[in-house]
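Heads up, start-v8.txt below (compact mmCIF, N, CA and C atoms):
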```txt
# COMPACT_ATOMS: atom_id res chain seq x y z
N MET A 5 -23.98 -28.57 -15.62
CA MET A 5 -22.74 -28.74 -16.35
C MET A 5 -22.64 -30.20 -16.79
N GLY A 6 -21.67 -30.51 -17.65
CA GLY A 6 -21.50 -31.85 -18.18
C GLY A 6 -21.12 -32.84 -17.10
N ARG A 7 -21.22 -34.07 -17.46
CA ARG A 7 -20.97 -35.16 -16.52
C ARG A 7 -19.55 -35.09 -15.94
N ASN A 8 -18.54 -34.74 -16.75
CA ASN A 8 -17.16 -34.74 -16.29
C ASN A 8 -16.65 -33.36 -15.88
N LEU A 9 -17.50 -32.36 -15.97
CA LEU A 9 -17.08 -31.00 -15.64
C LEU A 9 -17.53 -30.64 -14.23
N LEU A 10 -16.69 -29.92 -13.54
CA LEU A 10 -17.03 -29.46 -12.20
C LEU A 10 -17.94 -28.25 -12.28
N SER A 11 -18.78 -28.08 -11.30
CA SER A 11 -19.57 -26.86 -11.21
C SER A 11 -18.62 -25.71 -10.86
N THR A 12 -19.10 -24.49 -10.96
CA THR A 12 -18.23 -23.35 -10.64
C THR A 12 -17.76 -23.44 -9.19
N THR A 13 -18.65 -23.84 -8.30
CA THR A 13 -18.27 -23.98 -6.89
C THR A 13 -17.31 -25.15 -6.71
N GLY A 14 -17.57 -26.24 -7.41
CA GLY A 14 -16.68 -27.40 -7.33
C GLY A 14 -15.29 -27.07 -7.83
N LEU A 15 -15.22 -26.28 -8.91
CA LEU A 15 -13.93 -25.86 -9.44
C LEU A 15 -13.19 -24.98 -8.42
N ALA A 16 -13.92 -24.06 -7.79
CA ALA A 16 -13.30 -23.20 -6.78
C ALA A 16 -12.78 -24.02 -5.61
N HIS A 17 -13.57 -24.99 -5.17
CA HIS A 17 -13.14 -25.83 -4.04
C HIS A 17 -11.94 -26.70 -4.42
N LYS A 18 -11.90 -27.17 -5.66
CA LYS A 18 -10.74 -27.95 -6.12
C LYS A 18 -9.49 -27.07 -6.15
N LEU A 19 -9.63 -25.86 -6.65
CA LEU A 19 -8.52 -24.93 -6.70
C LEU A 19 -8.00 -24.62 -5.29
N ILE A 20 -8.92 -24.40 -4.38
CA ILE A 20 -8.54 -24.14 -2.99
C ILE A 20 -7.86 -25.36 -2.38
N ALA A 21 -8.40 -26.55 -2.66
CA ALA A 21 -7.79 -27.79 -2.13
C ALA A 21 -6.38 -27.97 -2.68
N ASP A 22 -6.16 -27.58 -3.93
CA ASP A 22 -4.83 -27.69 -4.52
C ASP A 22 -3.84 -26.72 -3.87
N LEU A 23 -4.34 -25.57 -3.45
CA LEU A 23 -3.48 -24.55 -2.84
C LEU A 23 -3.31 -24.71 -1.33
N LYS A 24 -4.20 -25.45 -0.71
CA LYS A 24 -4.20 -25.61 0.75
C LYS A 24 -2.87 -26.13 1.29
N PRO A 25 -2.25 -27.17 0.70
CA PRO A 25 -0.97 -27.64 1.23
C PRO A 25 0.11 -26.55 1.23
N LEU A 26 0.09 -25.71 0.20
CA LEU A 26 1.03 -24.59 0.15
C LEU A 26 0.79 -23.64 1.32
N SER A 27 -0.46 -23.31 1.57
CA SER A 27 -0.76 -22.36 2.64
C SER A 27 -0.39 -22.92 4.01
N GLU A 28 -0.51 -24.23 4.17
CA GLU A 28 -0.21 -24.84 5.46
C GLU A 28 1.28 -24.82 5.78
N MET A 29 2.12 -24.63 4.78
CA MET A 29 3.56 -24.56 5.00
C MET A 29 4.03 -23.14 5.34
N LEU A 30 3.15 -22.18 5.20
CA LEU A 30 3.51 -20.79 5.43
C LEU A 30 3.40 -20.43 6.91
N PRO A 31 4.12 -19.38 7.34
CA PRO A 31 3.93 -18.89 8.71
C PRO A 31 2.50 -18.37 8.89
N PRO A 32 2.02 -18.32 10.13
CA PRO A 32 0.61 -17.97 10.38
C PRO A 32 0.15 -16.66 9.73
N ASN A 33 0.97 -15.61 9.76
CA ASN A 33 0.53 -14.33 9.19
C ASN A 33 0.35 -14.44 7.68
N GLU A 34 1.22 -15.18 7.01
CA GLU A 34 1.08 -15.37 5.56
C GLU A 34 -0.03 -16.36 5.25
N ARG A 35 -0.24 -17.33 6.12
CA ARG A 35 -1.32 -18.30 5.94
C ARG A 35 -2.67 -17.58 5.95
N ARG A 36 -2.82 -16.60 6.84
CA ARG A 36 -4.08 -15.84 6.90
C ARG A 36 -4.33 -15.09 5.59
N ILE A 37 -3.27 -14.58 4.99
CA ILE A 37 -3.41 -13.88 3.71
C ILE A 37 -3.91 -14.84 2.65
N VAL A 38 -3.30 -16.01 2.57
CA VAL A 38 -3.70 -17.00 1.57
C VAL A 38 -5.13 -17.48 1.84
N GLU A 39 -5.49 -17.63 3.10
CA GLU A 39 -6.87 -18.03 3.43
C GLU A 39 -7.87 -16.95 3.00
N ASN A 40 -7.47 -15.69 3.09
CA ASN A 40 -8.33 -14.62 2.56
C ASN A 40 -8.45 -14.74 1.05
N PHE A 41 -7.37 -15.17 0.39
CA PHE A 41 -7.44 -15.41 -1.04
C PHE A 41 -8.47 -16.49 -1.36
N PHE A 42 -8.55 -17.50 -0.51
CA PHE A 42 -9.52 -18.57 -0.73
C PHE A 42 -10.94 -18.00 -0.73
N GLU A 43 -11.20 -17.07 0.17
CA GLU A 43 -12.53 -16.44 0.21
C GLU A 43 -12.81 -15.67 -1.08
N ILE A 44 -11.81 -14.98 -1.58
CA ILE A 44 -11.97 -14.23 -2.83
C ILE A 44 -12.22 -15.19 -3.99
N ILE A 45 -11.49 -16.29 -4.01
CA ILE A 45 -11.69 -17.30 -5.06
C ILE A 45 -13.13 -17.79 -5.03
N LEU A 46 -13.67 -18.06 -3.84
CA LEU A 46 -15.06 -18.51 -3.74
C LEU A 46 -16.03 -17.42 -4.21
N GLN A 47 -15.74 -16.18 -3.85
CA GLN A 47 -16.63 -15.08 -4.26
C GLN A 47 -16.60 -14.87 -5.77
N GLN A 48 -15.46 -15.10 -6.38
CA GLN A 48 -15.31 -14.83 -7.81
C GLN A 48 -15.31 -16.13 -8.65
N ARG A 49 -15.90 -17.18 -8.12
CA ARG A 49 -15.82 -18.50 -8.76
C ARG A 49 -16.43 -18.52 -10.16
N VAL A 50 -17.47 -17.75 -10.41
CA VAL A 50 -18.09 -17.74 -11.73
C VAL A 50 -17.13 -17.13 -12.76
N VAL A 51 -16.51 -16.03 -12.40
CA VAL A 51 -15.56 -15.38 -13.30
C VAL A 51 -14.40 -16.33 -13.61
N ILE A 52 -13.90 -16.99 -12.58
CA ILE A 52 -12.78 -17.92 -12.76
C ILE A 52 -13.20 -19.07 -13.68
N ALA A 53 -14.38 -19.62 -13.47
CA ALA A 53 -14.86 -20.74 -14.27
C ALA A 53 -15.13 -20.33 -15.73
N GLU A 54 -15.52 -19.09 -15.94
CA GLU A 54 -15.83 -18.62 -17.29
C GLU A 54 -14.59 -18.26 -18.10
N ALA A 55 -13.45 -18.14 -17.47
CA ALA A 55 -12.21 -17.81 -18.17
C ALA A 55 -11.69 -19.07 -18.85
N THR A 56 -12.33 -19.47 -19.94
CA THR A 56 -12.07 -20.76 -20.56
C THR A 56 -10.71 -20.87 -21.23
N GLU A 57 -10.09 -19.76 -21.57
CA GLU A 57 -8.79 -19.81 -22.24
C GLU A 57 -7.65 -19.89 -21.22
N LEU A 58 -7.96 -19.76 -19.96
CA LEU A 58 -6.95 -19.79 -18.90
C LEU A 58 -7.14 -21.02 -18.03
N MET A 59 -6.07 -21.44 -17.42
CA MET A 59 -6.18 -22.46 -16.39
C MET A 59 -6.88 -21.82 -15.19
N PRO A 60 -7.62 -22.56 -14.40
CA PRO A 60 -8.30 -21.96 -13.25
C PRO A 60 -7.35 -21.21 -12.31
N LEU A 61 -6.17 -21.74 -12.11
CA LEU A 61 -5.23 -21.07 -11.23
C LEU A 61 -4.80 -19.73 -11.81
N GLU A 62 -4.58 -19.67 -13.12
CA GLU A 62 -4.21 -18.41 -13.76
C GLU A 62 -5.32 -17.38 -13.60
N ALA A 63 -6.54 -17.80 -13.83
CA ALA A 63 -7.68 -16.89 -13.67
C ALA A 63 -7.78 -16.42 -12.23
N ALA A 64 -7.60 -17.33 -11.29
CA ALA A 64 -7.69 -16.97 -9.88
C ALA A 64 -6.60 -15.96 -9.52
N LEU A 65 -5.41 -16.15 -10.04
CA LEU A 65 -4.31 -15.23 -9.73
C LEU A 65 -4.60 -13.82 -10.26
N VAL A 66 -5.19 -13.73 -11.43
CA VAL A 66 -5.55 -12.43 -11.97
C VAL A 66 -6.59 -11.75 -11.08
N ILE A 67 -7.59 -12.53 -10.66
CA ILE A 67 -8.63 -12.00 -9.77
C ILE A 67 -8.01 -11.54 -8.45
N LEU A 68 -7.11 -12.34 -7.90
CA LEU A 68 -6.47 -11.99 -6.62
C LEU A 68 -5.65 -10.73 -6.74
N LEU A 69 -4.91 -10.61 -7.83
CA LEU A 69 -4.11 -9.40 -8.04
C LEU A 69 -5.00 -8.17 -8.17
N ALA A 70 -6.09 -8.32 -8.90
CA ALA A 70 -7.02 -7.19 -9.05
C ALA A 70 -7.60 -6.78 -7.71
N GLU A 71 -7.98 -7.75 -6.89
CA GLU A 71 -8.54 -7.46 -5.57
C GLU A 71 -7.51 -6.77 -4.68
N GLU A 72 -6.29 -7.27 -4.70
CA GLU A 72 -5.23 -6.66 -3.89
C GLU A 72 -4.96 -5.23 -4.35
N ARG A 73 -4.94 -5.02 -5.66
CA ARG A 73 -4.71 -3.67 -6.19
C ARG A 73 -5.82 -2.73 -5.73
N ARG A 74 -7.07 -3.21 -5.78
CA ARG A 74 -8.21 -2.38 -5.35
C ARG A 74 -8.06 -2.01 -3.88
N ARG A 75 -7.72 -2.98 -3.05
CA ARG A 75 -7.56 -2.71 -1.62
C ARG A 75 -6.40 -1.76 -1.35
N ASN A 76 -5.30 -1.97 -2.05
CA ASN A 76 -4.15 -1.08 -1.87
C ASN A 76 -4.48 0.34 -2.30
N ASN A 77 -5.21 0.48 -3.39
CA ASN A 77 -5.60 1.81 -3.84
C ASN A 77 -6.47 2.51 -2.80
N LEU A 78 -7.40 1.78 -2.21
CA LEU A 78 -8.25 2.36 -1.18
C LEU A 78 -7.42 2.81 0.03
N GLU A 79 -6.50 1.95 0.44
CA GLU A 79 -5.65 2.28 1.59
C GLU A 79 -4.74 3.46 1.27
N ASN A 80 -4.18 3.49 0.06
CA ASN A 80 -3.32 4.61 -0.33
C ASN A 80 -4.09 5.92 -0.36
N THR A 81 -5.30 5.88 -0.88
CA THR A 81 -6.14 7.07 -0.92
C THR A 81 -6.38 7.60 0.49
N GLU A 82 -6.69 6.70 1.41
CA GLU A 82 -6.93 7.10 2.80
C GLU A 82 -5.66 7.69 3.42
N LEU A 83 -4.52 7.07 3.16
CA LEU A 83 -3.26 7.59 3.69
C LEU A 83 -2.94 8.97 3.14
N TYR A 84 -3.17 9.18 1.83
CA TYR A 84 -2.92 10.49 1.25
C TYR A 84 -3.83 11.55 1.85
N LYS A 85 -5.07 11.20 2.14
CA LYS A 85 -5.99 12.13 2.80
C LYS A 85 -5.46 12.51 4.18
N GLN A 86 -4.98 11.51 4.93
CA GLN A 86 -4.45 11.78 6.26
C GLN A 86 -3.19 12.63 6.17
N ILE A 87 -2.32 12.35 5.22
CA ILE A 87 -1.10 13.14 5.04
C ILE A 87 -1.46 14.58 4.69
N ASP A 88 -2.43 14.76 3.81
CA ASP A 88 -2.86 16.10 3.42
C ASP A 88 -3.41 16.85 4.64
N GLY A 89 -4.21 16.17 5.46
CA GLY A 89 -4.74 16.80 6.67
C GLY A 89 -3.62 17.19 7.63
N LEU A 90 -2.65 16.33 7.80
CA LEU A 90 -1.52 16.65 8.68
C LEU A 90 -0.70 17.80 8.12
N HIS A 91 -0.53 17.83 6.82
CA HIS A 91 0.21 18.93 6.19
C HIS A 91 -0.48 20.26 6.44
N LYS A 92 -1.81 20.28 6.32
CA LYS A 92 -2.57 21.50 6.58
C LYS A 92 -2.43 21.92 8.04
N GLN A 93 -2.45 20.96 8.95
CA GLN A 93 -2.28 21.29 10.37
C GLN A 93 -0.91 21.87 10.65
N VAL A 94 0.11 21.32 10.03
CA VAL A 94 1.47 21.83 10.21
C VAL A 94 1.55 23.26 9.69
N GLN A 95 0.96 23.52 8.52
CA GLN A 95 0.97 24.87 7.96
C GLN A 95 0.26 25.86 8.89
N GLU A 96 -0.87 25.45 9.46
CA GLU A 96 -1.60 26.31 10.40
C GLU A 96 -0.77 26.58 11.65
N LEU A 97 -0.09 25.56 12.15
CA LEU A 97 0.75 25.74 13.33
C LEU A 97 1.91 26.67 13.03
N LYS A 98 2.48 26.59 11.85
CA LYS A 98 3.57 27.50 11.47
C LYS A 98 3.08 28.94 11.42
N LYS A 99 1.88 29.14 10.87
CA LYS A 99 1.31 30.48 10.82
C LYS A 99 1.05 31.01 12.22
N ASP A 100 0.50 30.15 13.07
CA ASP A 100 0.25 30.55 14.46
C ASP A 100 1.54 30.91 15.16
N LYS A 101 2.57 30.16 14.94
CA LYS A 101 3.88 30.42 15.56
C LYS A 101 4.43 31.75 15.07
N GLU A 102 4.32 32.00 13.77
CA GLU A 102 4.80 33.27 13.22
C GLU A 102 4.03 34.45 13.80
N ARG A 103 2.70 34.31 13.97
CA ARG A 103 1.90 35.39 14.56
C ARG A 103 2.31 35.64 16.00
N LEU A 104 2.53 34.58 16.74
CA LEU A 104 2.94 34.72 18.15
C LEU A 104 4.31 35.39 18.24
N GLU A 105 5.22 35.01 17.37
CA GLU A 105 6.56 35.62 17.38
C GLU A 105 6.49 37.08 16.97
N ALA A 106 5.59 37.41 16.06
CA ALA A 106 5.45 38.80 15.62
C ALA A 106 4.82 39.66 16.72
N ASP A 107 3.92 39.06 17.51
CA ASP A 107 3.27 39.78 18.59
C ASP A 107 4.19 40.01 19.78
N SER A 108 5.25 39.21 19.89
CA SER A 108 6.15 39.32 21.05
C SER A 108 7.13 40.41 20.95
```
Starting from the file, lay out its structure as structure tokens.
Amino acid sequence: MGRNLLSTTGLAHKLIADLKPLSEMLPPNERRIVENFFEIILQQRVVIAEATELMPLEAALVILLAEERRRNNLENTELYKQIDGLHKQVQELKKDKERLEADS
């Protein structure tokens, strides 16, 4: 890269350094979330650096939102599967109860 331009990794580290004071003011559980964001920023540093029409922070926020949406979708899918399984079990138990009552 040019003499005055940061490398993609350097840009990611600068972005993280700029956000670090904010994370240090947060309670521990929220601080861990922001620290996980730092890892995502490092993983996606090339994409962030290539978003030339955006400020690095703007690009990072888009990446973070996309990652969170992906994770939430995965968790929601798993929860819906579990709910569906529980619903089927309840239906089976109702049928079993009806059969037992009919046999009595």
Quiz item: How far is it from CA of Glu34 in chain A to CA of Glu54 in chain A, in Å with one decimal?
Solution: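 Separation of CA of Glu34 in chain A and CA of Glu54 in chain A: 28.6 Å.
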Self-check item: Residue neighbourhood His17 in chain A, 8 Å, all atoms listed in the file, exclusion window fewer than 4 positions, as JSON, numbers by chain
Solution: {"A": [11, 12, 13, 21, 22, 23, 45, 46, 49]}
Keeping only N, CA and C atoms, take the residues you just selected and write them out as a PDB file, in the coordinates of the input.
```pdb
ATOM      1  N   SER A  11     -18.780 -28.080 -11.300  1.00  0.00           N
ATOM      2  CA  SER A  11     -19.570 -26.860 -11.210  1.00  0.00           C
ATOM      3  C   SER A  11     -18.620 -25.710 -10.860  1.00  0.00           C
ATOM      4  N   THR A  12     -19.100 -24.490 -10.960  1.00  0.00           N
ATOM      5  CA  THR A  12     -18.230 -23.350 -10.640  1.00  0.00           C
ATOM      6  C   THR A  12     -17.760 -23.440  -9.190  1.00  0.00           C
ATOM      7  N   THR A  13     -18.650 -23.840  -8.300  1.00  0.00           N
ATOM      8  CA  THR A  13     -18.270 -23.980  -6.890  1.00  0.00           C
ATOM      9  C   THR A  13     -17.310 -25.150  -6.710  1.00  0.00           C
ATOM     10  N   ALA A  21      -8.400 -26.550  -2.660  1.00  0.00           N
ATOM     11  CA  ALA A  21      -7.790 -27.790  -2.130  1.00  0.00           C
ATOM     12  C   ALA A  21      -6.380 -27.970  -2.680  1.00  0.00           C
ATOM     13  N   ASP A  22      -6.160 -27.580  -3.930  1.00  0.00           N
ATOM     14  CA  ASP A  22      -4.830 -27.690  -4.520  1.00  0.00           C
ATOM     15  C   ASP A  22      -3.840 -26.720  -3.870  1.00  0.00           C
ATOM     16  N   LEU A  23      -4.340 -25.570  -3.450  1.00  0.00           N
ATOM     17  CA  LEU A  23      -3.480 -24.550  -2.840  1.00  0.00           C
ATOM     18  C   LEU A  23      -3.310 -24.710  -1.330  1.00  0.00           C
ATOM     19  N   ILE A  45     -11.490 -16.290  -4.010  1.00  0.00           N
ATOM     20  CA  ILE A  45     -11.690 -17.300  -5.060  1.00  0.00           C
ATOM     21  C   ILE A  45     -13.130 -17.790  -5.030  1.00  0.00           C
ATOM     22  N   LEU A  46     -13.670 -18.060  -3.840  1.00  0.00           N
ATOM     23  CA  LEU A  46     -15.060 -18.510  -3.740  1.00  0.00           C
ATOM     24  C   LEU A  46     -16.030 -17.420  -4.210  1.00  0.00           C
ATOM     25  N   ARG A  49     -15.900 -17.180  -8.120  1.00  0.00           N
ATOM     26  CA  ARG A  49     -15.820 -18.500  -8.760  1.00  0.00           C
ATOM     27  C   ARG A  49     -16.430 -18.520 -10.160  1.00  0.00           C
TER      28      ARG A  49
END
```
Quiz item: Do you have the atom N of Glu62 in chain A-atom C of Arg74 in chain A distance handy?
Solution: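 Going from atom N of Glu62 in chain A over to atom C of Arg74 in chain A, I get 20.2 Å.
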Exercise. Enter the distance from CA of Lys99 in chain A to atom C of Ile87 in chain A, in Å, rounded to one decimal.
Key: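 Distance between the two atoms: 17.3 Å.
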Practice problem: Can you check which residues of chain A DSSP gives as helix (DSSP H, G or I) on the backbone and send them as a ChimeraX atom specification? | Solution: /A:12-28,32-47,49-54,60-107
Practice problem: Please provide the set of residues having any atom within 10 Å of Ile44 in chain A, restricted to only C-alpha atoms, with same-chain residues fewer than 3 positions apart removed, written as a VMD selection string. | Solution: chain A and resid 16 38 to 41 47 to 49 64 67 to 68 71
